[in-house]
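K.L.:
Starting off with a structure, shown below.
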Amino acid sequence: MKNSEIMAKSASLFINTYGRFPAVITKGSGCRLTDATGKEYLDFLSGIAVCSLGHCYPPVSEAICEQAKKLVHVSNLFHTIPQTELAELLIHNSFADRIFMCNSGAEANEAAIKLARKYSAKERYEVISLQGSFHGRTLATVAATGQEKFHQGFEPLPAGFIHAPFGEINSLKEMISEKTCAVLCEPLQGEGGVRPLPKEYLQAIRKICDDNNLLLIFDEIQVGLGRTGTLFAYEQFGVVPDIMTLAKALANGLPIGAMLTTEKIAAAFAPGNHASTFGGNPVACAAAVVVLQTMLADGFLDGVKAKGNYLATKLGDLAVKYPKIATKVRGMGLIQGLLLSPGMIPEGPKMINMLFERGILANFAGNKALRFIPPLIISNDDIDQLITTLDKLFAEF
Ligand SMILES: *Cc1c(COP(=O)(O)O)cnc(C)c1O
C-alpha cells in the first residue's frame with residue numbers, strides 16, 4: 001500500500017477521535033522519526049512526552065525482546081521479577097512506600113481517586129482540582145479535568161469533582177467543605193498550556209491540605225520521570241504529595257501507569273478493592289526498569305536541566321525578536337511552551353502544521369502555547385535546528 005492509501009484507509013476505518021498529521025510513521029530512532037515516504041522529522045513531541053529516551057532506545061528495545069522471550073503476561077495473581085524491580089526503583093527514589101501499577105495515566109488517576117475516597121470517611125468523597133487541568137479521558141478523570149471542552153456531551157459526569165480557579169488560594173480554601181477528601185493537581189499543567197504552578201501556591205495548597213486533613217494528589221503523568229530536570233517535578237517545589245500518579249514516559253513507549261503513596265494511606269486498600277488485569281505487565285516493567293536506571297545514572301538529569309535552559313533561552317530570544325508573535329516562554333526542564341500573543345492564537349495550529357511540513361514535530365497546547373517536549377536525549381544541535389526553523393517561520397508571518 002502506498003502512503004496516501006494507508007492514510008485514506010485508516011481515516012475510513014477509525015472512529016474519528018483524532019486530528020492526525022498527514023503522515024504514516026514507520027520508523028523511529030533517537031530524536032528522529034521517518035514516514036512511509038522516507039521523509040524525516042525532528043521530534044519535539046516524543047509521542048506526547050512518552051519516548052523520553054528517544055525512539056527505539058536500544059537498551060529498552062533489548063529489555064523488551066529479552067522479557068518477551070521469557071514471560072509476557074501472567075496476571076497479578078502472581079509475583080513477577082520485573083514488577084518487583086520497578087516497584088523498588090520507584091519507591092526508593094520517591095517519597096512513597098507503596099505502589100499500584102496499571103496501564104495508563106487515566107487509570108493511575110482513577111486509582112488515586114478511589115484510594116482517596118476509600119481512605120477518607122464515607123461522607124468525604126469530593127476532589128478539588130484546578131481550572132485548566134487535564135487528568136484523563138475516563139468519566140471520573142474527565143470530571144476531574146478542569147476544562148469545559150472535555151465535559152461537553154458527556155454529562156451527567158460522576159459526582160464529587162469541583163474545580164478551583166488557577167492560582168487563587170483563597171478560592172480554593174472557600175471550596176473546602178465537610179465533603180472534601182483531596183486536592184488533585186499537576187505541579188505544571190501540560191495540556192493546559194505549559195503552565196507551572198507558582199512554588200508559593202503549591203506550598204499553600206500543601207498547607208491547606210494539612211490544616212484540613214485532605215490528601216494532596218500530584219498528577220505527574222506528564223512532568224514526572226525526568227521531564228523537568230529532576231526525577232519528579234515535586235522535588236523542585238519543596239512540596240511532597242500524599243499520592244502521585246505516573247504513566248507516559250515510564251516505559252518509554254509501552255503502556256504502563258503507576259500510583260504511589262505512603263504506607264498509611266495505602267493501608268486503606270485491601271485485597272479485592274482495586275485491580276488491573278494487565279497492570280504492571282512484565283514486558284512493560286522490564287522496559288521501565290531500564291528507563292529508571294538510565295535516568296538515575298550520573299549526569300542524566302543535570303543534562304536535562306542544562307538542555308532545558310538552553311531551549312528556554314533560545315525560545316526567549318525568539319519572543320524578544322518577534323514580540324508581535326510570541327509573548328514569553330514558560331516551563332521547566334524539557335517541557336517548554338512559547339506563548340503566542342493574543343492576535344496570533346488562531347494561527348497556532350497553522351504554525352504547527354507549517355513546522356510539520358518543514359520536518360519538525362510539536363503541538364499547540366491549551367490553545368495558548370507552542371509546546372516543545374523533545375526526548376530528554378535531545379542535543380543542542382537539534383535544539384538549534386528547531387530555533388532556526390521557527391525563526392524563518394516567524395519571519396514569514
Ligand atoms: C496524558 C495525561 C493524562 C492521561 O494519560 P492517559 O495515559 O492518556 O490516560 C493524565 N494526566 C496528565 C497530566 C496527562 O498529561
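Labels used: A, B, ... for chains in the order of the C-alpha cells, numbers from 1 for residues in each chain, and numbers from 1 for ligands as shown.
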Considering only C-alpha atoms, tabulate each residue of stretch 93-129 of chain A that lies at most 10 Å from stretch 135-142 of chain A along with its nearest interatomic pair and the corresponding distance in Å to one decimal; arrange the rows by chain and ascending residue number and present them as JSON lines.

P.N.:
{"residue": "A:Ser104", "atom": "CA", "partner": "A:Gly136", "partner_atom": "CA", "distance": 9.2}
{"residue": "A:Gly105", "atom": "CA", "partner": "A:Gly136", "partner_atom": "CA", "distance": 6.7}
{"residue": "A:Ala106", "atom": "CA", "partner": "A:Gly136", "partner_atom": "CA", "distance": 4.6}
{"residue": "A:Glu107", "atom": "CA", "partner": "A:Thr138", "partner_atom": "CA", "distance": 8.0}
{"residue": "A:Ala108", "atom": "CA", "partner": "A:Gly136", "partner_atom": "CA", "distance": 9.5}
{"residue": "A:Asn109", "atom": "CA", "partner": "A:Thr141", "partner_atom": "CA", "distance": 6.8}
{"residue": "A:Glu110", "atom": "CA", "partner": "A:Thr141", "partner_atom": "CA", "distance": 6.7}
{"residue": "A:Ile113", "atom": "CA", "partner": "A:Ala140", "partner_atom": "CA", "distance": 8.4}
{"residue": "A:Lys114", "atom": "CA", "partner": "A:Ala140", "partner_atom": "CA", "distance": 9.9}
{"residue": "A:Ser129", "atom": "CA", "partner": "A:His135", "partner_atom": "CA", "distance": 9.3}

K.L.:
Can you pull out the residues contacting A:Cys102? Cut-off 8 Å, using only C-alpha atoms, and skip same-chain residues under 6 positions away; I want them as a list in words.

P.N.:
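Answer for this query is Ala108, Ile256, Gly257, Ala258, Ser276, Phe278, Gly279 and Gly280 of chain A.
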
K.L.:
Next, the residues of the selection above should be written as a compact mmCIF listing (two decimals), in the first residue's frame with N, CA and C atoms.

P.N.:
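Done, and the output landed in again39.txt:
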# COMPACT_ATOMS: atom_id res chain seq x y z
N ALA A 108 -4.22 5.48 36.36
CA ALA A 108 -3.46 5.83 37.57
C ALA A 108 -4.24 6.86 38.38
N ILE A 256 1.92 1.77 30.41
CA ILE A 256 2.06 1.48 31.84
C ILE A 256 1.63 2.72 32.63
N GLY A 257 1.13 2.51 33.82
CA GLY A 257 0.81 3.62 34.72
C GLY A 257 1.10 3.17 36.14
N ALA A 258 1.24 4.13 37.05
CA ALA A 258 1.52 3.76 38.44
C ALA A 258 0.94 4.82 39.37
N SER A 276 -6.13 -4.60 38.26
CA SER A 276 -5.96 -4.38 36.83
C SER A 276 -5.40 -5.66 36.22
N PHE A 278 -3.92 -6.20 33.24
CA PHE A 278 -2.62 -6.04 32.60
C PHE A 278 -1.62 -5.26 33.45
N GLY A 279 -2.12 -4.59 34.49
CA GLY A 279 -1.29 -3.65 35.25
C GLY A 279 0.05 -4.22 35.69
N GLY A 280 1.12 -3.50 35.39
CA GLY A 280 2.44 -3.98 35.77
C GLY A 280 2.87 -5.16 34.92

K.L.:
Here is a test: counting only C-alpha atoms, which residue of A:Ala297, A:Ala286, A:Ile162, A:Ala111 is nearest to A:Lys70?

P.N.:
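Smallest separation from A:Lys70 among the options: A:Ala286.
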
K.L.:
Give me, as a ChimeraX atom specification, all polymer residues having an atom no more than 10 Å from A:Met351, counting only C-alpha atoms and skipping those fewer than 2 positions away in the same chain.

P.N.:
/A:344-349,353-357,362-364,370,390,393-394,397

K.L.:
In Å to one decimal, how far is atom CA of A:Thr245 from atom 2 (C, counted along the ligand's line) of ligand 1?

P.N.:
9.9 Å

K.L.:
Please run DSSP on the backbone and report, as a VMD selection string, all residues within stretch 205-392 of chain A that come out as helix (DSSP H, G or I).

P.N.:
chain A and resid 205 to 212 233 to 236 248 to 251 263 to 266 282 to 296 300 to 321 342 to 357 380 to 392

K.L.:
Give me, as a list in words, all polymer residues having an atom no more than 10 Å from A:Ala11, counting only C-alpha atoms and skipping those fewer than 6 positions away in the same chain.

P.N.:
Glu5, Tyr18 and Arg20 of chain A

K.L.:
So, counting only C-alpha atoms, which residue among A:Ile243, A:Ala87, A:Leu184, A:Ile221 is closest to A:Lys264?

P.N.:
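Ranking A:Ile243, A:Ala87, A:Leu184, A:Ile221 by distance to A:Lys264, first place goes to A:Ile243.
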
K.L.:
Residues near stretch 303-318 of chain A, anyone? I mean within 8 Å using only C-alpha atoms, not counting same-chain ones fewer than 5 positions away, as a ChimeraX atom specification.

P.N.:
/A:226-229,326,328-336,338,376-380,383,387,391

K.L.:
Name the residues of stretch 112-349 of chain A that fall into strand (DSSP E or B) according to DSSP on the backbone, using the chain letters and numbers of this document, as number ranges by chain.

P.N.:
A: 126-130, 161-164, 180-185, 188-189, 195-196, 215-219, 243-246, 252, 254, 257-261, 326-332, 335-340
